[in-house]
Structures are given as C-alpha cells and as structure tokens.
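final21.txt, holding compact mmCIF, C-alpha atoms:
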```txt
# COMPACT_ATOMS: atom_id res chain seq x y z
CA MET A 11 -136.06 10.91 31.41
CA LYS A 12 -135.97 7.66 29.45
CA THR A 13 -135.70 7.47 25.65
CA LEU A 14 -137.50 5.34 23.10
CA LEU A 15 -135.68 5.68 19.78
CA ILE A 16 -137.31 4.60 16.53
CA LEU A 17 -135.18 4.25 13.41
CA GLY A 18 -137.27 4.67 10.25
CA ALA A 19 -140.45 6.70 9.72
CA GLY A 20 -142.02 4.50 7.08
CA THR A 21 -145.14 2.44 7.71
CA GLY A 22 -143.88 0.44 10.70
CA GLY A 23 -141.95 3.21 12.44
CA THR A 24 -144.73 5.77 12.06
CA MET A 25 -147.35 3.42 13.50
CA VAL A 26 -145.11 2.52 16.44
CA ALA A 27 -144.47 6.21 17.16
CA ASN A 28 -148.19 6.95 17.26
CA LYS A 29 -149.05 3.95 19.43
CA MET A 30 -146.23 4.52 21.90
CA ALA A 31 -146.99 8.24 22.16
CA GLN A 32 -150.43 7.21 23.40
CA ALA A 33 -149.07 4.58 25.80
CA LEU A 34 -146.05 6.26 27.44
CA ASP A 35 -146.10 9.06 30.02
CA SER A 36 -144.50 12.09 28.37
CA ALA A 37 -143.22 13.22 31.78
CA GLU A 38 -141.09 10.06 31.97
CA TRP A 39 -140.36 9.23 28.34
CA ARG A 40 -139.19 11.05 25.28
CA ILE A 41 -139.79 9.48 21.88
CA ILE A 42 -137.42 10.24 18.99
CA ILE A 43 -137.87 9.03 15.43
CA VAL A 44 -135.10 9.25 12.82
CA ASP A 45 -135.40 9.02 9.05
CA ARG A 46 -133.32 10.28 6.14
CA ASP A 47 -136.29 11.31 3.96
CA GLU A 48 -138.89 13.96 4.75
CA MET A 49 -141.52 12.47 2.41
CA HIS A 50 -143.64 9.38 3.06
CA TYR A 51 -144.36 7.14 0.08
CA TYR A 52 -147.45 4.94 -0.26
CA GLN A 53 -145.48 2.14 -1.87
CA PRO A 54 -148.45 -0.03 -2.97
CA GLY A 55 -149.36 2.88 -5.25
CA PHE A 56 -146.14 2.53 -7.27
CA LEU A 57 -147.70 -0.50 -9.00
CA PHE A 58 -150.43 1.64 -10.61
CA ILE A 59 -148.28 4.52 -11.86
CA PRO A 60 -146.88 2.74 -14.99
CA PHE A 61 -150.43 2.17 -16.21
CA GLY A 62 -151.68 5.70 -15.57
CA MET A 63 -153.99 4.60 -12.73
CA TYR A 64 -152.26 6.83 -10.15
CA ALA A 65 -150.34 10.05 -10.61
CA PRO A 66 -147.01 10.31 -8.74
CA HIS A 67 -148.25 13.09 -6.44
CA GLU A 68 -151.02 10.81 -5.15
CA VAL A 69 -148.55 8.52 -3.35
CA VAL A 70 -146.40 11.12 -1.57
CA LYS A 71 -147.07 13.15 1.59
CA PRO A 72 -144.83 14.79 4.25
CA LYS A 73 -143.90 12.43 7.07
CA ARG A 74 -144.45 15.09 9.71
CA ASN A 75 -148.18 15.04 8.87
CA PHE A 76 -148.48 11.58 10.41
CA LEU A 77 -146.37 11.93 13.55
CA PRO A 78 -147.71 13.23 16.88
CA PRO A 79 -146.42 16.60 18.13
CA GLN A 80 -144.78 15.13 21.25
CA VAL A 81 -142.48 12.96 19.13
CA GLU A 82 -139.13 14.52 18.19
CA VAL A 83 -138.53 14.05 14.46
CA VAL A 84 -134.94 14.03 13.19
CA PHE A 85 -134.13 13.89 9.48
CA SER A 86 -130.65 12.42 9.11
CA ASP A 87 -128.78 9.43 7.79
CA ILE A 88 -127.76 6.90 10.43
CA GLU A 89 -124.01 6.46 10.67
CA VAL A 90 -123.90 3.49 13.02
CA ILE A 91 -125.92 1.70 15.68
CA GLU A 92 -123.97 0.60 18.76
CA PRO A 93 -126.28 -1.85 20.52
CA GLU A 94 -123.75 -2.79 23.19
CA LYS A 95 -123.71 0.86 24.30
CA SER A 96 -127.43 1.47 23.58
CA ARG A 97 -126.72 4.43 21.37
CA VAL A 98 -126.95 5.55 17.74
CA GLN A 99 -124.69 7.97 15.91
CA LEU A 100 -126.27 10.14 13.22
CA ARG A 101 -124.49 11.76 10.30
CA LYS A 102 -126.20 15.09 10.83
CA ASP A 103 -123.98 17.09 13.21
CA ASN A 104 -122.48 13.76 14.38
CA ARG A 105 -125.27 13.64 16.93
CA ILE A 106 -125.30 10.71 19.33
CA ILE A 107 -128.62 9.53 20.77
CA ASN A 108 -128.59 7.25 23.82
CA TYR A 109 -131.66 5.07 24.17
CA ASP A 110 -133.30 2.79 26.69
CA TYR A 111 -135.28 0.97 24.03
CA LEU A 112 -134.80 0.89 20.28
CA VAL A 113 -137.27 -0.01 17.52
CA ILE A 114 -135.71 -0.74 14.15
CA ALA A 115 -138.03 0.02 11.23
CA THR A 116 -135.46 0.78 8.54
CA GLY A 117 -137.24 -1.20 5.81
CA SER A 118 -135.76 -2.77 2.69
CA HIS A 119 -134.44 -1.20 -0.48
CA ILE A 120 -133.68 -2.28 -4.04
CA HIS A 121 -130.06 -2.81 -5.11
CA PRO A 122 -129.96 -3.26 -8.90
CA GLU A 123 -126.17 -2.83 -8.83
CA GLU A 124 -125.95 -6.28 -7.22
CA THR A 125 -126.68 -7.84 -10.65
CA PRO A 126 -123.86 -7.48 -13.22
CA GLY A 127 -124.99 -5.52 -16.27
CA MET A 128 -128.19 -4.22 -14.71
CA VAL A 129 -127.19 -0.59 -14.22
CA ASP A 130 -123.71 -0.58 -15.77
CA GLY A 131 -124.61 -2.14 -19.14
CA GLY A 132 -126.21 0.89 -20.75
CA GLY A 133 -129.87 -0.11 -20.61
CA TRP A 134 -130.90 1.31 -17.25
CA TYR A 135 -133.90 3.64 -17.70
CA GLN A 136 -133.73 3.04 -21.45
CA ASN A 137 -135.37 -0.37 -21.76
CA ILE A 138 -134.72 -1.64 -18.21
CA TYR A 139 -136.96 -0.26 -15.48
CA PRO A 140 -137.92 -1.07 -11.89
CA PHE A 141 -141.32 -0.09 -10.51
CA TYR A 142 -140.42 -0.47 -6.82
CA THR A 143 -139.32 3.19 -6.63
CA LEU A 144 -141.27 6.31 -7.50
CA GLU A 145 -138.64 7.34 -10.03
CA GLY A 146 -138.62 3.94 -11.72
CA ALA A 147 -142.41 3.67 -11.85
CA THR A 148 -142.73 7.19 -13.27
CA LYS A 149 -140.13 6.62 -15.99
CA LEU A 150 -141.66 3.26 -16.87
CA ALA A 151 -145.03 4.99 -17.28
CA HIS A 152 -143.49 7.35 -19.84
CA PHE A 153 -141.90 4.41 -21.69
CA LEU A 154 -145.13 2.40 -21.84
CA LYS A 155 -147.10 5.42 -23.01
CA TYR A 156 -145.25 5.37 -26.33
CA TRP A 157 -144.19 1.70 -26.60
CA GLU A 158 -145.54 -0.04 -29.69
CA GLY A 159 -144.91 -3.60 -28.59
CA GLY A 160 -142.30 -6.33 -28.38
CA ARG A 161 -141.20 -8.83 -25.75
CA MET A 162 -141.70 -7.66 -22.18
CA VAL A 163 -139.95 -9.73 -19.52
CA LEU A 164 -140.64 -9.22 -15.84
CA ASN A 165 -137.87 -10.71 -13.73
CA VAL A 166 -137.44 -11.15 -9.99
CA ALA A 167 -133.72 -11.19 -9.27
CA GLU A 168 -133.92 -13.06 -5.96
CA MET A 169 -136.10 -13.47 -2.88
CA PRO A 170 -137.12 -11.99 -0.50
CA ILE A 171 -138.76 -8.92 -2.03
CA LYS A 172 -141.29 -6.39 -0.82
CA CYS A 173 -144.84 -7.51 -1.53
CA PRO A 174 -144.24 -10.92 -3.18
CA VAL A 175 -147.51 -10.69 -5.15
CA ALA A 176 -146.64 -7.34 -6.77
CA PRO A 177 -144.86 -9.01 -9.75
CA LEU A 178 -148.05 -10.95 -10.51
CA GLU A 179 -150.17 -7.83 -10.17
CA PHE A 180 -147.92 -6.00 -12.61
CA LEU A 181 -148.28 -8.83 -15.14
CA PHE A 182 -152.07 -8.94 -14.84
CA LEU A 183 -152.35 -5.15 -15.13
CA ALA A 184 -149.96 -5.13 -18.10
CA ASP A 185 -152.10 -7.71 -19.89
CA TRP A 186 -155.18 -5.54 -19.28
CA PHE A 187 -153.34 -2.32 -20.24
CA PHE A 188 -152.15 -3.71 -23.57
CA ARG A 189 -155.58 -5.14 -24.38
CA GLU A 190 -157.21 -1.79 -23.67
CA ARG A 191 -154.74 -0.13 -26.05
CA GLY A 192 -155.23 -2.73 -28.77
CA LEU A 193 -151.60 -3.86 -28.45
CA ARG A 194 -151.89 -7.23 -26.72
CA ASN A 195 -151.32 -9.17 -29.95
CA LYS A 196 -148.09 -7.20 -30.40
CA VAL A 197 -146.72 -7.85 -26.89
CA GLU A 198 -145.29 -11.12 -25.60
CA ILE A 199 -145.23 -11.20 -21.80
CA VAL A 200 -142.82 -13.44 -19.87
CA TYR A 201 -142.43 -13.91 -16.12
CA ALA A 202 -138.95 -15.14 -15.11
CA THR A 203 -138.91 -15.98 -11.40
CA PRO A 204 -136.58 -17.83 -9.03
CA LEU A 205 -139.64 -19.57 -7.57
CA PRO A 206 -140.72 -23.00 -8.86
CA GLY A 207 -144.12 -21.55 -9.78
CA ALA A 208 -146.21 -18.41 -9.69
CA PHE A 209 -146.11 -18.23 -5.86
CA THR A 210 -144.47 -19.93 -2.91
CA LYS A 211 -147.50 -21.80 -1.52
CA PRO A 212 -148.88 -24.75 -3.57
CA ARG A 213 -152.60 -23.92 -3.76
CA ALA A 214 -152.01 -20.24 -4.41
CA ALA A 215 -149.27 -21.09 -6.95
CA ALA A 216 -151.70 -23.31 -8.84
CA ALA A 217 -154.51 -20.73 -8.86
CA LEU A 218 -152.26 -17.82 -9.80
CA GLY A 219 -150.43 -19.94 -12.35
CA ASN A 220 -153.76 -20.68 -14.03
CA MET A 221 -154.47 -16.96 -14.18
CA LEU A 222 -151.15 -16.39 -15.96
CA GLU A 223 -151.90 -19.19 -18.42
CA GLU A 224 -155.40 -17.85 -19.14
CA ARG A 225 -153.88 -14.50 -20.06
CA GLY A 226 -151.20 -15.99 -22.29
CA ILE A 227 -148.35 -14.96 -19.96
CA LEU A 228 -145.36 -17.30 -20.22
CA LEU A 229 -143.82 -18.57 -16.99
CA GLU A 230 -140.06 -19.21 -16.74
CA PRO A 231 -139.67 -20.83 -13.28
CA ASP A 232 -136.53 -21.57 -11.26
CA PHE A 233 -134.76 -18.72 -13.05
CA ASN A 234 -131.95 -17.50 -10.78
CA LEU A 235 -130.60 -14.34 -12.35
CA MET A 236 -126.83 -14.21 -12.88
CA GLU A 237 -126.45 -11.19 -15.18
CA VAL A 238 -128.05 -8.86 -17.67
CA ASP A 239 -126.46 -8.83 -21.14
CA THR A 240 -127.63 -5.54 -22.65
CA GLY A 241 -125.64 -6.15 -25.83
CA LYS A 242 -127.66 -9.27 -26.66
CA GLN A 243 -130.71 -7.99 -24.73
CA VAL A 244 -131.01 -11.15 -22.66
CA ILE A 245 -131.07 -12.01 -18.98
CA ARG A 246 -128.94 -15.02 -18.10
CA SER A 247 -129.39 -17.47 -15.22
CA TYR A 248 -126.74 -19.36 -13.29
CA ASP A 249 -127.66 -22.52 -15.20
CA GLU A 250 -126.96 -20.52 -18.41
CA ARG A 251 -130.53 -20.19 -19.64
CA GLU A 252 -131.14 -17.02 -21.60
CA VAL A 253 -134.40 -15.09 -21.81
CA PRO A 254 -134.44 -12.37 -24.49
CA TYR A 255 -136.26 -9.08 -23.92
CA ASP A 256 -137.16 -5.84 -25.65
CA LEU A 257 -138.38 -4.36 -22.37
CA LEU A 258 -137.07 -5.65 -19.05
CA VAL A 259 -139.13 -4.82 -15.97
CA THR A 260 -136.89 -5.76 -13.08
CA ILE A 261 -137.48 -6.40 -9.42
CA PRO A 262 -133.89 -6.17 -8.24
CA THR A 263 -132.23 -7.68 -5.18
CA HIS A 264 -133.71 -6.31 -1.95
CA MET A 265 -131.52 -5.59 1.05
CA GLY A 266 -131.92 -4.05 4.45
CA SER A 267 -130.53 -0.67 5.47
CA ASP A 268 -126.90 0.23 4.88
CA ALA A 269 -126.85 1.39 8.51
CA ILE A 270 -127.63 -2.18 9.61
CA ALA A 271 -124.72 -3.39 7.47
CA ARG A 272 -122.33 -0.79 8.91
CA SER A 273 -123.43 -1.76 12.41
CA LYS A 274 -122.89 -5.48 11.72
CA MET A 275 -126.36 -6.23 13.07
CA GLY A 276 -127.86 -8.04 10.08
CA ASP A 277 -127.66 -11.20 8.04
CA GLU A 278 -126.02 -11.35 4.60
CA LEU A 279 -128.84 -9.23 3.13
CA HIS A 280 -128.73 -6.79 6.09
CA PHE A 281 -132.03 -7.89 7.62
CA VAL A 282 -132.06 -7.97 11.43
CA PRO A 283 -132.28 -11.43 13.04
CA THR A 284 -135.59 -11.26 14.88
CA ASP A 285 -137.61 -13.69 16.99
CA LYS A 286 -140.44 -14.48 14.59
CA HIS A 287 -143.08 -14.65 17.33
CA THR A 288 -142.10 -11.89 19.81
CA LEU A 289 -140.49 -9.46 17.28
CA ARG A 290 -137.64 -8.82 19.69
CA SER A 291 -134.07 -8.87 18.42
CA ARG A 292 -132.45 -12.25 18.86
CA ASP A 293 -129.30 -10.58 20.14
CA TRP A 294 -130.36 -7.57 22.26
CA GLU A 295 -133.21 -7.53 24.78
CA ASN A 296 -133.91 -3.78 24.46
CA ILE A 297 -134.30 -3.83 20.66
CA PHE A 298 -137.48 -4.68 18.75
CA VAL A 299 -137.86 -4.88 14.97
CA ILE A 300 -140.88 -4.32 12.72
CA GLY A 301 -141.76 -4.59 9.04
CA ASP A 302 -139.33 -5.19 6.21
CA ALA A 303 -136.27 -4.70 8.43
CA THR A 304 -136.83 -8.11 10.06
CA ASN A 305 -135.70 -11.48 8.75
CA VAL A 306 -138.89 -13.25 9.85
CA PRO A 307 -140.19 -15.74 7.23
CA THR A 308 -143.33 -13.91 6.15
CA SER A 309 -144.16 -11.40 3.43
CA LYS A 310 -142.45 -8.02 3.43
CA ALA A 311 -145.67 -6.06 3.01
CA GLY A 312 -147.55 -3.22 4.66
CA ALA A 313 -150.34 -5.48 5.90
CA VAL A 314 -147.79 -7.61 7.74
CA ALA A 315 -146.39 -4.52 9.48
CA HIS A 316 -149.94 -3.64 10.54
CA TYR A 317 -150.41 -7.13 12.00
CA MET A 318 -147.01 -6.95 13.72
CA LEU A 319 -147.86 -3.63 15.37
CA GLU A 320 -150.12 -4.87 18.16
CA VAL A 321 -147.71 -7.65 19.15
CA LEU A 322 -144.65 -5.40 19.07
CA VAL A 323 -146.26 -2.60 21.09
CA ASP A 324 -147.58 -5.03 23.71
CA ASN A 325 -144.21 -6.75 24.01
CA LEU A 326 -142.32 -3.47 24.16
CA LEU A 327 -144.56 -2.29 27.01
CA ARG A 328 -144.16 -5.65 28.76
CA SER A 329 -140.40 -5.35 28.46
CA ILE A 330 -140.48 -1.83 29.92
CA GLU A 331 -142.42 -3.28 32.88
CA GLY A 332 -139.78 -5.99 33.34
CA LEU A 333 -141.88 -8.81 31.88
CA GLU A 334 -140.96 -11.28 29.17
CA PRO A 335 -142.45 -10.70 25.70
CA GLN A 336 -145.20 -13.04 24.59
CA PRO A 337 -144.84 -15.12 21.38
CA LYS A 338 -148.06 -13.95 19.73
CA PHE A 339 -147.12 -12.98 16.17
CA ASP A 340 -148.08 -15.84 13.85
CA GLY A 341 -146.80 -14.52 10.52
CA HIS A 342 -150.24 -13.33 9.40
CA ALA A 343 -150.29 -11.81 5.91
CA THR A 344 -153.19 -10.57 3.80
CA CYS A 345 -152.58 -9.51 0.20
CA PHE A 346 -155.03 -8.10 -2.33
CA ILE A 347 -153.90 -9.02 -5.84
CA GLU A 348 -155.02 -6.79 -8.69
CA SER A 349 -155.91 -8.94 -11.70
CA GLY A 350 -157.05 -6.31 -14.22
CA PHE A 351 -160.44 -5.56 -15.77
CA GLY A 352 -161.61 -4.02 -12.48
CA LYS A 353 -161.17 -7.25 -10.54
CA GLY A 354 -158.81 -8.65 -7.95
CA THR A 355 -158.20 -11.69 -5.82
CA LEU A 356 -157.09 -12.08 -2.22
CA ILE A 357 -154.87 -14.36 -0.16
CA ASP A 358 -154.73 -14.70 3.64
CA PHE A 359 -152.19 -16.94 5.36
CA ASN A 360 -149.60 -17.25 8.13
CA TYR A 361 -146.45 -19.18 9.05
CA ASP A 362 -148.25 -22.52 9.16
CA VAL A 363 -151.34 -22.25 6.94
CA GLU A 364 -151.11 -21.64 3.19
CA PRO A 365 -153.62 -19.43 1.32
CA LEU A 366 -156.97 -21.20 1.08
CA PRO A 367 -160.22 -20.44 -0.79
CA GLY A 368 -163.18 -19.01 1.08
CA LYS A 369 -164.72 -15.72 2.19
CA TYR A 370 -163.00 -12.96 4.17
CA PRO A 371 -163.24 -11.52 6.77
CA LEU A 372 -166.80 -12.68 7.57
CA PRO A 373 -167.39 -16.44 7.05
CA GLY A 374 -169.82 -17.10 4.21
CA PHE A 375 -170.36 -13.40 3.55
CA GLY A 376 -167.02 -11.80 2.82
CA PRO A 377 -167.38 -9.35 1.20
CA PHE A 378 -163.99 -10.44 -0.15
CA SER A 379 -163.31 -13.73 -1.94
CA LEU A 380 -160.16 -15.75 -1.26
CA LEU A 381 -158.29 -17.20 -4.26
CA GLU A 382 -161.11 -16.04 -6.51
CA GLU A 383 -161.43 -12.95 -8.69
CA SER A 384 -164.10 -10.41 -7.82
CA TYR A 385 -164.93 -6.73 -8.22
CA ALA A 386 -165.13 -6.40 -4.42
CA ASN A 387 -161.49 -7.44 -4.08
CA HIS A 388 -160.45 -4.70 -6.51
CA TRP A 389 -162.36 -2.06 -4.57
CA GLY A 390 -160.91 -3.36 -1.33
CA LYS A 391 -157.45 -2.63 -2.66
CA MET A 392 -158.45 0.78 -4.01
CA LEU A 393 -160.07 1.86 -0.73
CA PHE A 394 -157.06 0.76 1.29
CA ARG A 395 -155.14 3.89 0.24
CA TRP A 396 -157.64 6.13 2.04
CA LEU A 397 -157.53 3.87 5.10
CA TYR A 398 -153.74 3.93 5.05
CA TRP A 399 -153.38 7.73 4.96
CA ASN A 400 -156.25 8.57 7.30
CA VAL A 401 -156.37 5.80 9.89
CA LEU A 402 -153.51 3.29 9.98
CA LEU A 403 -150.47 5.57 9.87
CA LYS A 404 -151.94 7.71 12.64
CA GLY A 405 -152.24 4.78 15.00
CA GLY A 406 -155.91 4.06 14.38
CA GLU A 407 -157.33 0.60 14.74
CA PHE A 408 -156.86 -1.81 11.84
CA PRO A 409 -160.29 -3.24 10.94
CA LEU A 410 -158.93 -6.80 10.64
CA GLU A 411 -157.66 -9.04 13.43
CA SER A 412 -153.87 -9.27 13.71
CA GLN A 413 -154.13 -13.00 14.47
CA PHE A 414 -154.79 -15.35 11.56
CA SER A 415 -158.15 -17.14 11.65
CA MET A 416 -159.46 -20.20 9.82
CA ALA A 417 -162.98 -18.73 9.91
CA GLY A 418 -164.41 -18.62 6.40
CA LYS A 419 -161.63 -20.77 4.91
CA TRP A 420 -162.43 -23.88 2.90
CA VAL A 421 -159.92 -26.63 3.56
```

Can the structure in the file be given as structure tokens, please?
Amino acid sequence: MKTLLILGAGTGGTMVANKMAQALDSAEWRIIIVDRDEMHYYQPGFLFIPFGMYAPHEVVKPKRNFLPPQVEVVFSDIEVIEPEKSRVQLRKDNRIINYDYLVIATGSHIHPEETPGMVDGGGWYQNIYPFYTLEGATKLAHFLKYWEGGRMVLNVAEMPIKCPVAPLEFLFLADWFFRERGLRNKVEIVYATPLPGAFTKPRAAAALGNMLEERGILLEPDFNLMEVDTGKQVIRSYDEREVPYDLLVTIPTHMGSDAIARSKMGDELHFVPTDKHTLRSRDWENIFVIGDATNVPTSKAGAVAHYMLEVLVDNLLRSIEGLEPQPKFDGHATCFIESGFGKGTLIDFNYDVEPLPGKYPLPGFGPFSLLEESYANHWGKMLFRWLYWNVLLKGGEFPLESQFSMAGKWV
C-alpha cells in the first residue's frame, strides 16, 4: 500500500484530497491529510465582517464536511518534515507517517510580532487590529460599531501577503461604511503601503489609484514599516517617515508554516521553493506544493490555488506513472475587488501579462468588467462563497479555465 500525504486541509489541501481520491485506486493507495485545526475558514469573508456584511458564523464550517470518507483525516500539529527519509513526524502521539508522495498545502499566516511595538506596545486589540484572522475581524467590527471618527491608517507591513487586493477592498468598503453612517467627514483614511502605488502592475495601479483619489483616500507609497510607536500613535518607516493614527488597521508580515521553518525546507519567510510552472518542489521530486505555501511569484489567493489544482494533480499523477511533470501553470490570478456602494471591479492576469481592461470571461459579453466598476462584479464576488462551499472544495469543476487567456482583453 502506497501513501499520499497532504499537509494542510485549507483550500488547496482539501481540493487536492478530493481530486486524488477520485483518481487513485483505493486498493493501492491510502490518502492521509493532516491539519491542526478542525474548522475550515472562508478567508475572503473576513473582509466583510468589520462592516457587518457577514456574521462570523457564516465563514466557518467543519473541515470533515468537505473531505471524502476514504481519506484519513488527522488533526495534529506537525513537528517536523524529513524529506530525505520521506516521512513526517506529528506532535500528536509522536506519530510518524511515511509517504511515497507529499503535497504541502500549509498556507501562510500573519506574524504581527515581527514588527516592534505591534503587539507588545499596548495597543493590540485596543486601537490596532488585523482583519486577516476571524478574531481580528470580529474585534474590529465591534470597534467600528462605536467609533466616532478620527484618523484611520491601513498599513501593509511587507509583501507578500494573502490576497494583495484585500487592503484596497477594505479601504473602499470603509469609505462606503463611513458615508452610510454619516461619519465620512469625520474620518481621514490613509493607505501606507510598501508598494510604489496602489498595486504592483502599472495599469491596475493607475486605475486603482484613481479610485482611491476619487474617494479622498490618501496614499503613502514606498512605506516600509520599521516599528509601531503606540506612545506617539505613529507608525514609523525605515527612512524615518512617521504616519500618525487614531485607528491602525494592520496587515502584518506573512510567513509560511512554522513546521516548514523547523524542517529547514523554506526560504527566509518559510515559503517552500517551488518550480513556478510544474508546482513540484525544487529540491525533492516526490513533493508538490500548492497555494500560499509556495514561493511562486503570483498572488497568494484562493483563485490561484484553484488554478494551480489542475496542473498539480496532473503532474502528481504523471510523476506516479514515472513521467516528468509538465510546465503548464502560468501564474493565472483572478481577483474580484469590492469597491463599495454595491459595486466591484475585477482583474485577471498571469506571470507575463498585467491586468488589462475588457470583458470576462466571455469576450464582448462578460458578464464581468475588467478594471471597471460594475454591479455584476460585486455579485460575482458575493456568489463565489456559495460556489466555494458547495462545489470547489469538494473537487467540483471550476467554471473558469485554469490557463490565462487574452480573449476579451483590450490591449
């Protein structure tokens, strides 16, 4: 009996488990998936909780609900991965699992303690909040419910982060939220980012930057966070610029799994070096990596994991058959961007092509508009939650092609 071991039962790991359970003969293969948490979080929903658009219970479901019965599910922390011996040691009962193939889907996690003063300065969960965790988003919702105004600064500590457009979405929704409450004239909104503009790609940065300007949101670019000074209520950059705040909404440093760090398998941020086209580990031929756990130069977002899935599963099956993996993943990313007032915009790009205007996915028809606000884009984002819970996690077909296409794009 051979073993496929999957580490992480988030979006990527769950989808791989479902696909491989369909593809492998259960008489020859056992599939084991390991995760430390029993609950699955719909992370795109965290964005909406601070503004009362989602309740916390709407983004949480048991992980077992989405895994096939023939897959062995183990809830435990990972002590260490030993790739040279093709085995993993768990903390629970010191269990050792030997594997023939390993899929790493351990994700990324926020580390606010990496920034001096962030959590040890006395302001954490008082007037400093993240929204990239359920706890942070829920506590920020309570704060905003009673806040009467002041200077709100949203800061990205450093890149990469999960869902690079989420900071912009938060800003747009905050502008809308404060206008709806009659507080917008009492709130100054500032976006302090390490990027040179609103986004990484030029055309998208220009379009999204214009949206910030139209809403009166101040942009503080090239701001590389050094520390939080809670006494003065300022964030300070390495070039000694200071941005004062009354409310600091932080997107802290993101890092890969501690287990990857303990196993000495990652880069300096504990992301696994991965071939960006085949999704196989650069260092071990029987290890594949999906989602946020990789170091590939594309967005750390759920849609990217969905696009990776087909390539990873095909290459894993090829490898099992003794064939070389094919370099088919092109870095495809699709991101709906909530812009408030019941509208949204959309970007679609890959390693080589920046976001362009146009219609998506059907040329000339859409129904979604690229780099343009529309009501359809908003509803696309809202309907994705149902699709996520009911189709994608269970291994159903994603309705969009995993390969990037220029169809419908206007160059």

Counting only C-alpha atoms, the option among A:Glu190, A:Glu224, A:Asp185, A:Glu124 closest to Val238 of chain A:
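Nearest candidate to Val238 of chain A out of A:Glu190, A:Glu224, A:Asp185, A:Glu124: A:Glu124.
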
Please report the interatomic distance between atom CA of Ala303 of chain A and atom CA of Ser267 of chain A in Å with one decimal.
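Here the two named atoms are 7.6 Å from each other.
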
For the contact check between segment 206-308 of chain A and segment 97-115 of chain A, emit one row per residue of segment 206-308 of chain A within 9 Å, containing the shortest atom pair and the distance in Å rounded to one decimal, counting all atoms listed in the file, chain then rising number order, as CSV.
```
residue,atom,partner,partner_atom,distance
A:Val282,CA,A:Ile114,CA,8.5
A:Glu295,CA,A:Tyr111,CA,8.8
A:Asn296,CA,A:Tyr111,CA,5.0
A:Ile297,CA,A:Leu112,CA,4.8
A:Phe298,CA,A:Val113,CA,4.8
A:Val299,CA,A:Ile114,CA,4.7
A:Ile300,CA,A:Ala115,CA,5.4
A:Gly301,CA,A:Ala115,CA,6.3
A:Asp302,CA,A:Ala115,CA,7.4
A:Ala303,CA,A:Ala115,CA,5.8
A:Thr304,CA,A:Ala115,CA,8.3
```

Measuring between only C-alpha atoms, which one of A:Gly219, A:Gly160, A:Gly406, A:Pro177 shows the shortest distance to Lys196 of chain A?
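Nearest to Lys196 of chain A: A:Gly160.
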
Nearest to Ala313 of chain A by atom-to-atom distance, counting all atoms listed in the file, from A:Tyr370, A:Tyr248, A:Phe359, A:Phe85
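Checking each candidate against Ala313 of chain A, we get A:Phe359 as the closest.
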
Among listed residues A:Glu92, A:Asp268, A:Glu364, A:Glu158, nearest Thr210 of chain A (using only C-alpha atoms):
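Checking each candidate against Thr210 of chain A, we get A:Glu364 as the closest.
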
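Nearest-residue note for Ile245 of chain A: choosing from A:Ala208, A:Val323, A:Gly226, A:Gly127, the minimum distance belongs to A:Gly127, counting only C-alpha atoms.
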
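With all atoms listed in the file as the basis for measurement, A:Leu178 is the residue among A:Ala271, A:Leu164, A:Leu397, A:Leu178 that approaches Gly350 of chain A most closely.
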
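Between atom CA of Thr203 of chain A and atom CA of Ala217 of chain A the interatomic distance comes to 16.5 Å.
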
Separation of atom CA of Ala202 of chain A from atom CA of Lys391 of chain A, in Å and rounded to one decimal
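These two atoms are separated by 25.6 Å.
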
Pick out the residues sitting within 10 Å of Ala27 of chain A, and hand them over as number ranges by chain; count all atoms listed in the file, and ignore anything fewer than 5 positions along from it in its own chain.
A: 14-16, 19, 22, 32-33, 41-43, 76-78, 80-82, 113, 323, 403-405

Taking 4 positions as the minimum chain separation for residues in the same chain, which residues sit within 10 Å of Arg191 of chain A when counting only C-alpha atoms? Answer as a list in words.
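Non-adjacent residues within range: Lys155, Glu158, Trp186 and Phe187 of chain A.
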
Answer as a VMD selection string, residues within 9 Å of (-138.7, -7.6, -8.6) using all atoms listed in the file
chain A and resid 120 140 to 142 164 to 169 171 to 172 174 176 to 177 203 259 to 264

Those residues with C-alpha atoms, as a PDB file, in the coordinates of the input please?
```
ATOM      1  CA  ILE A 120    -133.680  -2.280  -4.040  1.00  0.00           C
ATOM      2  CA  PRO A 140    -137.920  -1.070 -11.890  1.00  0.00           C
ATOM      3  CA  PHE A 141    -141.320  -0.090 -10.510  1.00  0.00           C
ATOM      4  CA  TYR A 142    -140.420  -0.470  -6.820  1.00  0.00           C
ATOM      5  CA  LEU A 164    -140.640  -9.220 -15.840  1.00  0.00           C
ATOM      6  CA  ASN A 165    -137.870 -10.710 -13.730  1.00  0.00           C
ATOM      7  CA  VAL A 166    -137.440 -11.150  -9.990  1.00  0.00           C
ATOM      8  CA  ALA A 167    -133.720 -11.190  -9.270  1.00  0.00           C
ATOM      9  CA  GLU A 168    -133.920 -13.060  -5.960  1.00  0.00           C
ATOM     10  CA  MET A 169    -136.100 -13.470  -2.880  1.00  0.00           C
ATOM     11  CA  ILE A 171    -138.760  -8.920  -2.030  1.00  0.00           C
ATOM     12  CA  LYS A 172    -141.290  -6.390  -0.820  1.00  0.00           C
ATOM     13  CA  PRO A 174    -144.240 -10.920  -3.180  1.00  0.00           C
ATOM     14  CA  ALA A 176    -146.640  -7.340  -6.770  1.00  0.00           C
ATOM     15  CA  PRO A 177    -144.860  -9.010  -9.750  1.00  0.00           C
ATOM     16  CA  THR A 203    -138.910 -15.980 -11.400  1.00  0.00           C
ATOM     17  CA  VAL A 259    -139.130  -4.820 -15.970  1.00  0.00           C
ATOM     18  CA  THR A 260    -136.890  -5.760 -13.080  1.00  0.00           C
ATOM     19  CA  ILE A 261    -137.480  -6.400  -9.420  1.00  0.00           C
ATOM     20  CA  PRO A 262    -133.890  -6.170  -8.240  1.00  0.00           C
ATOM     21  CA  THR A 263    -132.230  -7.680  -5.180  1.00  0.00           C
ATOM     22  CA  HIS A 264    -133.710  -6.310  -1.950  1.00  0.00           C
TER      23      HIS A 264
END
```

Show me the residues close to (-127.0, 1.0, 6.9) - anything with an atom within 10 Å, counting all atoms listed in the file - and format the list as a CSV table (one decimal) with C-alpha atoms, in the coordinates of the input.
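Okay, this is what ended up in point_6.csv:
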```
chain,number,residue,atom,x,y,z
A,87,ASP,CA,-128.8,9.4,7.8
A,88,ILE,CA,-127.8,6.9,10.4
A,89,GLU,CA,-124.0,6.5,10.7
A,90,VAL,CA,-123.9,3.5,13.0
A,91,ILE,CA,-125.9,1.7,15.7
A,116,THR,CA,-135.5,0.8,8.5
A,265,MET,CA,-131.5,-5.6,1.0
A,266,GLY,CA,-131.9,-4.0,4.4
A,267,SER,CA,-130.5,-0.7,5.5
A,268,ASP,CA,-126.9,0.2,4.9
A,269,ALA,CA,-126.8,1.4,8.5
A,270,ILE,CA,-127.6,-2.2,9.6
A,271,ALA,CA,-124.7,-3.4,7.5
A,272,ARG,CA,-122.3,-0.8,8.9
A,273,SER,CA,-123.4,-1.8,12.4
A,274,LYS,CA,-122.9,-5.5,11.7
A,275,MET,CA,-126.4,-6.2,13.1
A,276,GLY,CA,-127.9,-8.0,10.1
A,280,HIS,CA,-128.7,-6.8,6.1
```

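Excluding Trp389 of chain A and any residue on its chain fewer than 3 positions from it, the residues at most 9 Å away by only C-alpha atoms are Gly352, Lys353, Gly354, Tyr385, Ala386, Met392, Leu393 and Phe394 of chain A.
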